[in-house]
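What follows is the content of structure.cif, which has mmCIF, C-alpha atoms:
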data_run
#
loop_
_atom_site.label_atom_id
_atom_site.label_comp_id
_atom_site.auth_asym_id
_atom_site.auth_seq_id
_atom_site.Cartn_x
_atom_site.Cartn_y
_atom_site.Cartn_z
CA MET A 1 -10.49 -25.87 -19.61
CA ASN A 2 -13.10 -23.14 -19.54
CA ARG A 3 -12.09 -19.57 -20.03
CA VAL A 4 -14.18 -16.90 -18.43
CA ILE A 5 -14.48 -13.77 -20.53
CA THR A 6 -15.26 -10.46 -18.88
CA ILE A 7 -16.01 -7.24 -20.66
CA GLU A 8 -15.12 -4.00 -19.01
CA ARG A 9 -15.59 -0.46 -20.15
CA SER A 10 -12.23 1.23 -20.01
CA ALA A 11 -12.19 4.07 -17.55
CA ASP A 12 -9.77 6.04 -19.66
CA THR A 13 -11.74 8.15 -22.09
CA SER A 14 -14.87 8.98 -20.16
CA GLU A 15 -13.21 9.25 -16.76
CA ARG A 16 -10.54 11.58 -18.07
CA LEU A 17 -13.03 13.93 -19.72
CA ASP A 18 -15.17 13.87 -16.63
CA ALA A 19 -12.19 14.64 -14.39
CA ALA A 20 -11.17 17.61 -16.56
CA ARG A 21 -14.72 19.02 -16.43
CA PHE A 22 -14.87 18.63 -12.65
CA ARG A 23 -11.47 20.35 -12.26
CA GLU A 24 -12.63 23.29 -14.37
CA MET A 25 -15.94 23.62 -12.51
CA MET A 26 -14.29 23.52 -9.10
CA ARG A 27 -11.81 26.19 -10.18
CA ASP A 28 -14.70 28.41 -11.26
CA ARG A 29 -16.22 27.95 -7.80
CA GLY A 30 -12.97 28.90 -6.09
CA THR A 31 -12.37 25.42 -4.66
CA LEU A 32 -8.89 23.87 -4.71
CA VAL A 33 -9.23 20.08 -4.98
CA VAL A 34 -6.37 18.19 -3.30
CA ASN A 35 -5.84 14.44 -3.77
CA LEU A 36 -3.73 12.81 -1.05
CA MET A 37 -2.09 9.47 -1.88
CA SER A 38 0.09 7.19 0.24
CA SER A 39 0.60 3.70 1.62
CA PRO A 40 -1.70 2.61 4.45
CA GLY A 41 -0.71 4.28 7.69
CA SER A 42 1.56 6.99 6.27
CA GLY A 43 -0.44 9.69 8.00
CA LYS A 44 -2.97 11.05 5.50
CA THR A 45 -5.69 11.41 8.14
CA SER A 46 -3.32 12.90 10.72
CA LEU A 47 -2.08 15.45 8.19
CA LEU A 48 -5.66 16.41 7.33
CA GLU A 49 -6.51 16.79 11.03
CA SER A 50 -3.54 19.12 11.55
CA THR A 51 -4.34 21.03 8.37
CA ALA A 52 -8.01 21.51 9.26
CA LYS A 53 -7.17 22.68 12.78
CA ARG A 54 -4.88 25.32 11.35
CA LEU A 55 -7.12 26.54 8.52
CA GLN A 56 -10.49 26.38 10.26
CA GLY A 57 -12.37 29.62 10.72
CA ARG A 58 -10.47 31.20 7.84
CA TYR A 59 -11.33 28.77 5.03
CA GLY A 60 -14.27 26.56 4.06
CA MET A 61 -13.17 22.94 3.86
CA ALA A 62 -14.60 19.47 3.34
CA VAL A 63 -13.13 16.02 2.87
CA LEU A 64 -14.01 12.90 0.91
CA VAL A 65 -12.40 9.89 2.57
CA GLY A 66 -11.73 6.73 0.57
CA ASP A 67 -11.40 3.35 2.24
CA ILE A 68 -11.89 -0.29 1.38
CA ALA A 69 -14.03 -0.79 4.49
CA THR A 70 -14.99 1.09 7.70
CA ASP A 71 -15.65 4.80 8.19
CA ARG A 72 -12.95 5.26 10.86
CA ASP A 73 -11.07 7.99 9.04
CA ALA A 74 -14.20 10.01 8.30
CA GLN A 75 -15.13 9.71 11.99
CA ARG A 76 -11.71 11.11 12.91
CA LEU A 77 -12.06 14.06 10.53
CA ALA A 78 -15.74 14.90 11.11
CA PRO A 79 -15.04 17.12 14.18
CA TRP A 80 -12.97 19.43 11.95
CA MET A 81 -14.88 19.62 8.67
CA PRO A 82 -17.74 17.95 6.77
CA ALA A 83 -16.51 14.43 5.98
CA ILE A 84 -18.04 11.94 3.57
CA GLN A 85 -16.85 8.35 3.63
CA LEU A 86 -16.42 6.68 0.24
CA THR A 87 -16.17 2.92 0.62
CA THR A 88 -14.80 1.08 -2.39
CA GLY A 89 -15.83 -2.38 -1.22
CA GLY A 90 -12.52 -3.96 -2.17
CA ALA A 91 -11.24 -1.74 -4.97
CA CYS A 92 -7.69 -0.48 -4.50
CA HIS A 93 -8.30 3.18 -5.42
CA LEU A 94 -11.03 5.80 -5.55
CA PRO A 95 -12.74 6.01 -8.94
CA ARG A 96 -13.81 9.39 -10.31
CA SER A 97 -17.49 8.37 -10.16
CA LEU A 98 -17.40 7.83 -6.40
CA VAL A 99 -15.77 11.23 -5.88
CA GLN A 100 -18.59 12.78 -7.89
CA GLN A 101 -21.23 11.04 -5.74
CA GLY A 102 -19.48 12.12 -2.57
CA TRP A 103 -19.20 15.70 -3.72
CA GLU A 104 -22.91 15.80 -4.64
CA ARG A 105 -23.80 14.73 -1.11
CA LEU A 106 -21.80 17.57 0.40
CA ASP A 107 -24.40 20.20 1.13
CA THR A 108 -22.21 23.01 2.40
CA GLN A 109 -21.48 26.65 1.84
CA PRO A 110 -18.88 27.44 -0.83
CA LEU A 111 -15.66 25.54 -0.27
CA ASP A 112 -12.11 26.87 -0.48
CA PHE A 113 -10.60 23.40 -0.19
CA LEU A 114 -11.96 19.98 -1.07
CA PHE A 115 -9.61 17.30 0.22
CA ILE A 116 -9.72 13.77 -1.13
CA GLU A 117 -8.05 11.15 1.04
CA ASN A 118 -7.44 8.25 -1.32
CA VAL A 119 -7.39 4.55 -0.39
CA GLY A 120 -4.10 3.63 1.32
CA ASN A 121 -2.12 2.33 -1.62
CA LEU A 122 1.02 3.59 -3.33
CA VAL A 123 0.24 1.92 -6.65
CA CYS A 124 -3.32 2.04 -8.03
CA PRO A 125 -4.44 5.59 -7.10
CA SER A 126 -1.63 7.12 -9.17
CA SER A 127 -3.32 5.93 -12.38
CA HIS A 128 -6.65 7.66 -11.69
CA ASP A 129 -7.34 11.34 -12.25
CA LEU A 130 -10.04 12.37 -9.76
CA GLY A 131 -10.36 15.91 -11.07
CA GLU A 132 -7.90 17.32 -8.53
CA HIS A 133 -5.84 20.47 -9.01
CA LEU A 134 -3.11 19.32 -6.68
CA ARG A 135 -1.88 15.76 -6.18
CA VAL A 136 0.21 15.07 -3.11
CA VAL A 137 2.12 11.91 -2.23
CA ILE A 138 2.93 11.24 1.42
CA LEU A 139 5.89 9.09 2.45
CA ALA A 140 6.48 8.28 6.12
CA THR A 141 10.04 8.06 7.42
CA THR A 142 9.12 4.61 8.75
CA GLU A 143 8.56 3.28 5.22
CA GLY A 144 12.16 3.59 4.06
CA ASP A 145 13.82 6.06 1.73
CA ASP A 146 13.87 3.58 -1.19
CA LYS A 147 10.16 4.03 -1.93
CA PRO A 148 10.31 6.79 -4.60
CA ALA A 149 12.49 4.58 -6.82
CA LYS A 150 10.32 1.53 -6.17
CA TYR A 151 6.94 3.21 -6.70
CA PRO A 152 7.84 5.87 -9.29
CA LYS A 153 4.41 6.63 -10.73
CA ALA A 154 3.01 7.99 -7.46
CA PHE A 155 5.91 10.46 -7.35
CA ARG A 156 5.95 11.27 -11.07
CA THR A 157 2.27 12.26 -11.10
CA SER A 158 2.34 14.35 -7.88
CA GLN A 159 3.23 18.01 -7.54
CA ALA A 160 4.15 17.79 -3.85
CA LEU A 161 5.86 15.25 -1.58
CA VAL A 162 5.11 15.28 2.13
CA ILE A 163 7.67 13.37 4.21
CA SER A 164 5.69 12.52 7.33
CA LYS A 165 6.53 11.16 10.81
CA LEU A 166 9.69 13.24 11.00
CA ASP A 167 9.57 12.75 14.80
CA LEU A 168 10.52 9.10 14.24
CA LEU A 169 13.65 9.94 12.23
CA PRO A 170 16.03 9.22 15.16
CA TYR A 171 14.74 5.64 15.38
CA VAL A 172 14.55 4.53 11.76
CA PRO A 173 17.01 4.05 8.90
CA PHE A 174 15.72 6.86 6.64
CA SER A 175 17.58 9.64 4.85
CA VAL A 176 15.45 12.65 3.87
CA ASP A 177 18.20 13.57 1.40
CA ALA A 178 18.22 10.17 -0.28
CA ALA A 179 14.41 10.04 -0.55
CA THR A 180 14.31 13.59 -1.93
CA ARG A 181 17.10 12.92 -4.41
CA ASP A 182 15.36 9.80 -5.75
CA ALA A 183 11.99 11.54 -5.88
CA ARG A 184 13.38 14.58 -7.73
CA GLU A 185 15.15 12.32 -10.18
CA ILE A 186 11.65 11.13 -11.09
CA ARG A 187 10.11 14.61 -10.95
CA PRO A 188 12.54 17.51 -10.61
CA ASP A 189 9.95 20.19 -9.69
CA LEU A 190 8.40 18.23 -6.82
CA ASP A 191 7.68 20.53 -3.87
CA LEU A 192 8.95 19.07 -0.59
CA PHE A 193 7.35 19.22 2.88
CA PRO A 194 9.07 17.29 5.66
CA LEU A 195 6.83 17.44 8.74
CA SER A 196 5.54 15.84 11.90
CA ALA A 197 1.77 16.07 12.32
CA LEU A 198 2.11 14.53 15.80
CA ARG A 199 4.40 17.34 16.97
CA ASP A 200 2.78 19.94 14.70
CA GLU A 201 6.15 20.69 13.09
CA GLY A 202 6.28 21.83 9.46
CA VAL A 203 2.48 21.96 9.20
CA ASP A 204 2.44 25.77 8.96
CA ARG A 205 4.68 25.73 5.88
CA TRP A 206 2.45 23.04 4.32
CA CYS A 207 -0.68 25.08 5.00
CA ASP A 208 0.94 28.19 3.48
CA TYR A 209 1.64 26.14 0.39
CA LEU A 210 -2.02 25.08 0.19
CA THR A 211 -3.33 28.63 0.45
CA ARG A 212 -0.76 29.98 -2.03
CA THR A 213 -1.58 27.20 -4.48
CA ARG A 214 -5.26 28.09 -4.21
CA GLU A 215 -4.55 31.77 -4.86
CA ARG A 216 -2.48 30.87 -7.89
CA LEU A 217 -5.28 28.68 -9.21
CA LEU A 218 -7.85 31.46 -8.84
CA ALA A 219 -5.71 34.22 -10.33
CA PRO A 220 -7.43 35.58 -13.47
CA ASP A 221 -4.32 35.05 -15.56
CA SER A 222 -3.64 31.51 -14.37
CA PRO A 223 -3.05 29.01 -17.15
CA PRO A 224 -5.88 26.68 -18.19
CA SER A 225 -6.69 24.45 -15.28
CA ASP A 226 -4.88 21.19 -15.72
CA ARG A 227 -2.67 19.22 -13.44
CA MET B 228 -18.96 10.23 -26.48
CA ASN B 229 -16.92 7.24 -27.52
CA ARG B 230 -16.76 4.26 -25.30
CA VAL B 231 -13.68 2.12 -25.42
CA ILE B 232 -14.39 -1.54 -24.92
CA THR B 233 -11.66 -3.80 -23.65
CA ILE B 234 -11.86 -7.54 -23.36
CA GLU B 235 -9.86 -9.27 -20.71
CA ARG B 236 -9.53 -12.92 -19.88
CA SER B 237 -10.39 -13.35 -16.24
CA ALA B 238 -7.47 -14.64 -14.24
CA ASP B 239 -9.79 -16.61 -12.03
CA THR B 240 -10.28 -20.01 -13.54
CA SER B 241 -6.94 -20.72 -15.15
CA GLU B 242 -4.85 -18.99 -12.50
CA ARG B 243 -6.58 -20.81 -9.70
CA LEU B 244 -6.09 -24.24 -11.28
CA ASP B 245 -2.50 -23.39 -12.03
CA ALA B 246 -1.87 -22.22 -8.45
CA ALA B 247 -3.35 -25.43 -7.04
CA ARG B 248 -1.13 -27.56 -9.28
CA PHE B 249 1.99 -25.59 -8.29
CA ARG B 250 1.11 -25.94 -4.59
CA GLU B 251 0.72 -29.71 -4.96
CA MET B 252 3.98 -30.07 -6.90
CA MET B 253 5.96 -28.02 -4.41
CA ARG B 254 4.60 -30.07 -1.55
CA ASP B 255 5.72 -33.27 -3.31
CA ARG B 256 9.19 -31.74 -3.57
CA GLY B 257 9.27 -30.87 0.11
CA THR B 258 9.21 -27.12 -0.46
CA LEU B 259 7.05 -24.88 1.70
CA VAL B 260 5.95 -21.87 -0.37
CA VAL B 261 5.43 -18.72 1.72
CA ASN B 262 3.74 -15.59 0.31
CA LEU B 263 4.52 -12.39 2.25
CA MET B 264 2.09 -9.48 1.82
CA SER B 265 2.16 -5.99 3.33
CA SER B 266 2.09 -2.25 2.66
CA PRO B 267 5.25 -0.69 1.25
CA GLY B 268 7.92 -0.43 3.92
CA SER B 269 6.37 -2.74 6.52
CA GLY B 270 9.53 -4.80 6.66
CA LYS B 271 9.08 -7.77 4.32
CA THR B 272 12.69 -7.65 3.14
CA SER B 273 14.08 -7.11 6.65
CA LEU B 274 12.08 -10.07 7.95
CA LEU B 275 13.38 -12.26 5.13
CA GLU B 276 16.97 -11.18 5.85
CA SER B 277 16.59 -12.11 9.53
CA THR B 278 14.86 -15.36 8.64
CA ALA B 279 17.52 -16.38 6.12
CA LYS B 280 20.35 -15.58 8.55
CA ARG B 281 18.75 -17.84 11.13
CA LEU B 282 17.85 -20.77 8.88
CA GLN B 283 20.91 -20.78 6.60
CA GLY B 284 23.11 -23.87 6.66
CA ARG B 285 20.22 -25.95 7.94
CA TYR B 286 17.66 -25.38 5.18
CA GLY B 287 17.68 -24.75 1.44
CA MET B 288 15.98 -21.44 0.65
CA ALA B 289 15.30 -19.12 -2.25
CA VAL B 290 13.24 -15.97 -2.73
CA LEU B 291 11.20 -14.44 -5.53
CA VAL B 292 10.96 -10.70 -4.99
CA GLY B 293 8.11 -8.71 -6.51
CA ASP B 294 8.41 -5.01 -7.21
CA ILE B 295 6.94 -2.41 -9.54
CA ALA B 296 10.41 -1.19 -10.46
CA THR B 297 14.07 -1.64 -9.32
CA ASP B 298 15.81 -4.75 -8.00
CA ARG B 299 16.83 -3.21 -4.66
CA ASP B 300 15.13 -5.83 -2.51
CA ALA B 301 16.61 -8.74 -4.46
CA GLN B 302 20.05 -7.10 -4.08
CA ARG B 303 19.52 -6.95 -0.31
CA LEU B 304 18.52 -10.61 -0.11
CA ALA B 305 21.04 -12.09 -2.56
CA PRO B 306 23.83 -12.42 0.04
CA TRP B 307 21.61 -14.79 2.02
CA MET B 308 19.87 -16.94 -0.59
CA PRO B 309 19.26 -17.17 -4.34
CA ALA B 310 17.03 -14.19 -5.18
CA ILE B 311 15.09 -13.57 -8.38
CA GLN B 312 13.58 -10.15 -9.00
CA LEU B 313 10.11 -10.13 -10.54
CA THR B 314 9.28 -6.69 -11.89
CA THR B 315 5.61 -6.08 -12.61
CA GLY B 316 6.13 -2.88 -14.60
CA GLY B 317 3.29 -1.06 -12.89
CA ALA B 318 0.96 -3.85 -11.82
CA CYS B 319 -0.05 -3.73 -8.16
CA HIS B 320 0.48 -7.42 -7.32
CA LEU B 321 2.45 -10.45 -8.45
CA PRO B 322 0.55 -12.62 -10.92
CA ARG B 323 0.85 -16.40 -10.75
CA SER B 324 2.49 -16.49 -14.22
CA LEU B 325 5.43 -14.32 -13.09
CA VAL B 326 5.98 -16.54 -10.04
CA GLN B 327 6.12 -19.54 -12.36
CA GLN B 328 8.70 -17.82 -14.58
CA GLY B 329 10.78 -16.85 -11.58
CA TRP B 330 10.69 -20.34 -10.14
CA GLU B 331 11.75 -21.87 -13.46
CA ARG B 332 14.82 -19.63 -13.50
CA LEU B 333 15.88 -20.81 -10.05
CA ASP B 334 18.48 -23.44 -10.77
CA THR B 335 19.20 -24.64 -7.26
CA GLN B 336 19.40 -27.81 -5.21
CA PRO B 337 16.11 -28.95 -3.62
CA LEU B 338 14.49 -26.18 -1.61
CA ASP B 339 12.95 -26.43 1.82
CA PHE B 340 11.50 -22.93 1.60
CA LEU B 341 10.50 -20.78 -1.35
CA PHE B 342 9.68 -17.28 -0.17
CA ILE B 343 7.64 -14.90 -2.30
CA GLU B 344 7.91 -11.25 -1.36
CA ASN B 345 4.86 -9.66 -2.94
CA VAL B 346 4.58 -6.08 -4.23
CA GLY B 347 4.13 -3.63 -1.34
CA ASN B 348 0.36 -3.29 -1.28
CA LEU B 349 -2.24 -4.26 1.29
CA VAL B 350 -5.07 -4.55 -1.25
CA CYS B 351 -4.44 -6.22 -4.60
CA PRO B 352 -2.14 -9.14 -3.62
CA SER B 353 -4.80 -10.59 -1.32
CA SER B 354 -6.96 -11.47 -4.35
CA HIS B 355 -4.27 -13.56 -6.09
CA ASP B 356 -3.38 -17.13 -5.21
CA LEU B 357 0.28 -17.64 -6.12
CA GLY B 358 0.32 -21.34 -5.25
CA GLU B 359 1.61 -20.72 -1.74
CA HIS B 360 1.05 -23.05 1.23
CA LEU B 361 1.33 -20.27 3.75
CA ARG B 362 0.17 -16.68 3.35
CA VAL B 363 1.50 -14.14 5.81
CA VAL B 364 0.42 -10.54 6.27
CA ILE B 365 2.86 -8.11 7.89
CA LEU B 366 1.67 -5.02 9.73
CA ALA B 367 4.20 -2.52 11.12
CA THR B 368 3.47 -0.77 14.41
CA THR B 369 4.08 2.50 12.55
CA GLU B 370 1.06 1.91 10.29
CA GLY B 371 -1.58 2.12 13.01
CA ASP B 372 -3.65 -0.58 14.70
CA ASP B 373 -6.76 0.24 12.62
CA LYS B 374 -5.43 -1.48 9.51
CA PRO B 375 -6.96 -4.98 9.95
CA ALA B 376 -10.48 -3.49 10.02
CA LYS B 377 -9.71 -1.21 7.07
CA TYR B 378 -8.03 -3.81 4.85
CA PRO B 379 -9.90 -6.97 5.89
CA LYS B 380 -9.19 -9.22 2.90
CA ALA B 381 -5.43 -9.30 3.48
CA PHE B 382 -6.08 -10.55 7.01
CA ARG B 383 -8.95 -12.91 6.14
CA THR B 384 -6.89 -14.77 3.53
CA SER B 385 -3.70 -15.07 5.62
CA GLN B 386 -2.84 -17.79 8.12
CA ALA B 387 -0.31 -15.71 10.03
CA LEU B 388 0.05 -12.07 11.09
CA VAL B 389 3.49 -10.64 11.75
CA ILE B 390 3.44 -7.38 13.71
CA SER B 391 6.77 -5.81 12.77
CA LYS B 392 8.86 -2.88 14.05
CA LEU B 393 8.04 -3.70 17.66
CA ASP B 394 11.10 -1.62 18.63
CA LEU B 395 9.16 1.52 17.60
CA LEU B 396 6.20 0.75 19.87
CA PRO B 397 7.25 3.33 22.51
CA TYR B 398 7.09 6.12 19.92
CA VAL B 399 3.87 5.40 18.04
CA PRO B 400 0.16 5.21 18.89
CA PHE B 401 -0.30 1.47 18.30
CA SER B 402 -1.93 -1.18 20.48
CA VAL B 403 -0.86 -4.77 19.72
CA ASP B 404 -4.00 -5.91 21.57
CA ALA B 405 -6.33 -3.75 19.47
CA ALA B 406 -4.73 -4.81 16.18
CA THR B 407 -4.84 -8.48 17.21
CA ARG B 408 -8.45 -8.26 18.38
CA ASP B 409 -9.57 -6.68 15.08
CA ALA B 410 -7.54 -9.15 13.02
CA ARG B 411 -8.93 -12.17 14.90
CA GLU B 412 -12.44 -10.85 14.51
CA ILE B 413 -11.82 -11.19 10.79
CA ARG B 414 -9.97 -14.52 11.10
CA PRO B 415 -10.08 -16.17 14.53
CA ASP B 416 -7.32 -18.75 13.90
CA LEU B 417 -4.72 -16.23 12.72
CA ASP B 418 -1.29 -17.07 14.16
CA LEU B 419 0.40 -14.02 15.68
CA PHE B 420 4.08 -13.04 15.62
CA PRO B 421 5.01 -9.68 17.11
CA LEU B 422 8.70 -9.07 16.38
CA SER B 423 11.52 -6.65 15.68
CA ALA B 424 13.77 -7.70 12.82
CA LEU B 425 16.07 -4.74 13.60
CA ARG B 426 16.68 -5.99 17.14
CA ASP B 427 16.32 -9.65 16.21
CA GLU B 428 13.53 -10.08 18.77
CA GLY B 429 10.78 -12.62 18.14
CA VAL B 430 12.45 -13.89 14.98
CA ASP B 431 13.33 -17.25 16.58
CA ARG B 432 9.66 -17.98 17.34
CA TRP B 433 8.70 -16.99 13.77
CA CYS B 434 11.38 -19.31 12.32
CA ASP B 435 10.20 -22.20 14.55
CA TYR B 436 6.72 -21.62 13.14
CA LEU B 437 8.04 -21.83 9.58
CA THR B 438 9.89 -25.09 10.19
CA ARG B 439 6.95 -26.64 12.06
CA THR B 440 4.56 -25.57 9.29
CA ARG B 441 6.84 -27.22 6.76
CA GLU B 442 6.98 -30.46 8.77
CA ARG B 443 3.20 -30.49 9.04
CA LEU B 444 2.88 -29.99 5.29
CA LEU B 445 5.20 -32.89 4.54
CA ALA B 446 3.70 -35.32 7.06
CA PRO B 447 2.33 -38.37 5.15
CA ASP B 448 -1.09 -37.97 6.79
CA SER B 449 -1.39 -34.23 6.16
CA PRO B 450 -4.68 -33.17 4.59
CA PRO B 451 -4.78 -32.43 0.85
CA SER B 452 -2.57 -29.45 0.15
CA ASP B 453 -4.73 -26.36 0.07
CA ARG B 454 -4.44 -23.06 1.78
#
Output the file's structure as structure tokens, nothing else.
Amino acid sequence: MNRVITIERSADTSERLDAARFREMMRDRGTLVVNLMSSPGSGKTSLLESTAKRLQGRYGMAVLVGDIATDRDAQRLAPWMPAIQLTTGGACHLPRSLVQQGWERLDTQPLDFLFIENVGNLVCPSSHDLGEHLRVVILATTEGDDKPAKYPKAFRTSQALVISKLDLLPYVPFSVDAATRDAREIRPDLDLFPLSALRDEGVDRWCDYLTRTRERLLAPDSPPSDR
Amino acid sequence: MNRVITIERSADTSERLDAARFREMMRDRGTLVVNLMSSPGSGKTSLLESTAKRLQGRYGMAVLVGDIATDRDAQRLAPWMPAIQLTTGGACHLPRSLVQQGWERLDTQPLDFLFIENVGNLVCPSSHDLGEHLRVVILATTEGDDKPAKYPKAFRTSQALVISKLDLLPYVPFSVDAATRDAREIRPDLDLFPLSALRDEGVDRWCDYLTRTRERLLAPDSPPSDR
């Protein structure tokens, strides 16, 4: 029986250094980099639409949109901010290198926020540092409140948890308390944002959090930039 | 800058041979092996509960349940059929080797159906042949009808598409027609099962499909067992 041997360069060392450099540079430019992770269909694009509508005119924003195939999400977001589609061609997460390429193609005025919409996947993206300052995991009420315990790494490596599709709560077996309890058992300081992008409920509090987090990042006495 | 080199044995050759052998052996034993793939929270476990309730007493069944962490899904299914939890410890899909280990620990009478509930992930599992006869992708109405185009491999490699959570259709922007059209553009012969496990609607048709697929597999003149 033949064995096929493949040799891969580990992403770890070089990607991690590269991510740290990018994070530092973006902080110096006054740009908060936000990495959004979730399952397919949890509402990353809808949340970004609502966010951009609320912040536009006051802040400079752009988005890098990761997908396996198609540019549908970038098309949805392009009316609200510059949107670059990053297509992984099968890979289950965005690699740092693709984020760099996307960012280099953004030819805009200074940005206050650079959003990264990761590939829809609750597993792989959590292992890859893209140079973000803020990592956010989104969990839809329709996915079940058992997901933090079942996919712990996505919750352990995020600073904020958005519970989306709150408008569907009357129709699904989901307890915000149970999901929050499990998530905070994994990461006690997780910031929590239950919201409905469809009904525009809770989005204001989320946007306040984004702008406050950016101010904290840019404060002269803020600790060395690291997630 | 140091580069870390890792050497990995490709799963391809040996896993593929091994999967083909398992498929052949299970067919000889009269067991239809069904691999269920979907995003987290699309309703794999709920569908298996409904299926087991309907088929129990008439058919011998067991389930291998894949998860990153916890045995919650196996606990849910254990009242209905023998359930073995396969915990990947971080990996984003079930590997063939873990399925083999799980199956060897099943000490039951002859099985008519062996269900494999894959890790919740619409990307990675589609690249791994677990030795199943039937691969099924589940898409919940709450995930959006754009998912077949965005995650094509899961749909291209499946024989059947279950559209779950049909009870939530009035509350979400989802077109069964649009999802089906996109999915059949990727794979024209995809069998379609819209259903609500919560309301027990459409489950009878799905179970008929399972039993007919098993009969076809076991027919003496059936073509060589391959997905």
Using the chain letters and numbers from this file, what does the PyMOL selection byres ((chain A and resi 207) around 12) select? Give the answer as a ChimeraX atom specification. /A:47-56,58-59,113,162,193,195,197,200-206,208-214
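Applied to the file shown here, the PyMOL selection byres ((chain A and resi 40) around 7) selects the residues Ser38, Ser39, Gly41, Ser42, Gly120 and Asn121 of chain A; Ser266 and Glu370 of chain B.
Reported to one decimal place, the separation of CA of Pro352 in chain B from CA of Ala289 in chain B is 20.1 Å.
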Which residues, protein or nucleic acid, reach to within 12 Å of (-13.0, -4.0, -5.8) in the file's coordinates when using all atoms listed in the file, and can you give that as a ChimeraX atom specification? /A:67-69,87-95,119,124 /B:350-351,353-354,378,380
Residues at most 9 Å from Arg16 in chain A, counting only C-alpha atoms, excluding those fewer than 5 positions away in the same chain, as JSON, numbers by chain? {"A": [11, 21, 96, 128, 129, 130, 131]}
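Distances here use all atoms listed in the file; by that measure, the residue among B:Leu396, B:Leu419, B:Leu349, B:Ala381 closest to chain A is B:Leu349.
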Give me the result of the PyMOL selection byres ((chain A and resi 108) around 12) on this file, residue by residue, as a PyMOL selection string. chain A and resi 60-63+81-84+103-107+109-114
Would you list the contacts of Arg76 in chain A as a ChimeraX atom specification, taking every protein, DNA or RNA residue within 9 Å and counting all atoms listed in the file, but skipping same-chain residues closer than 3 positions in sequence? /A:45-46,49,71-73,79-80
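Reported to one decimal place, the separation of CA of Val65 in chain A from CA of Ile186 in chain A is 27.7 Å.
CA of Thr407 in chain B sits 27.3 Å away from CA of Lys147 in chain A.
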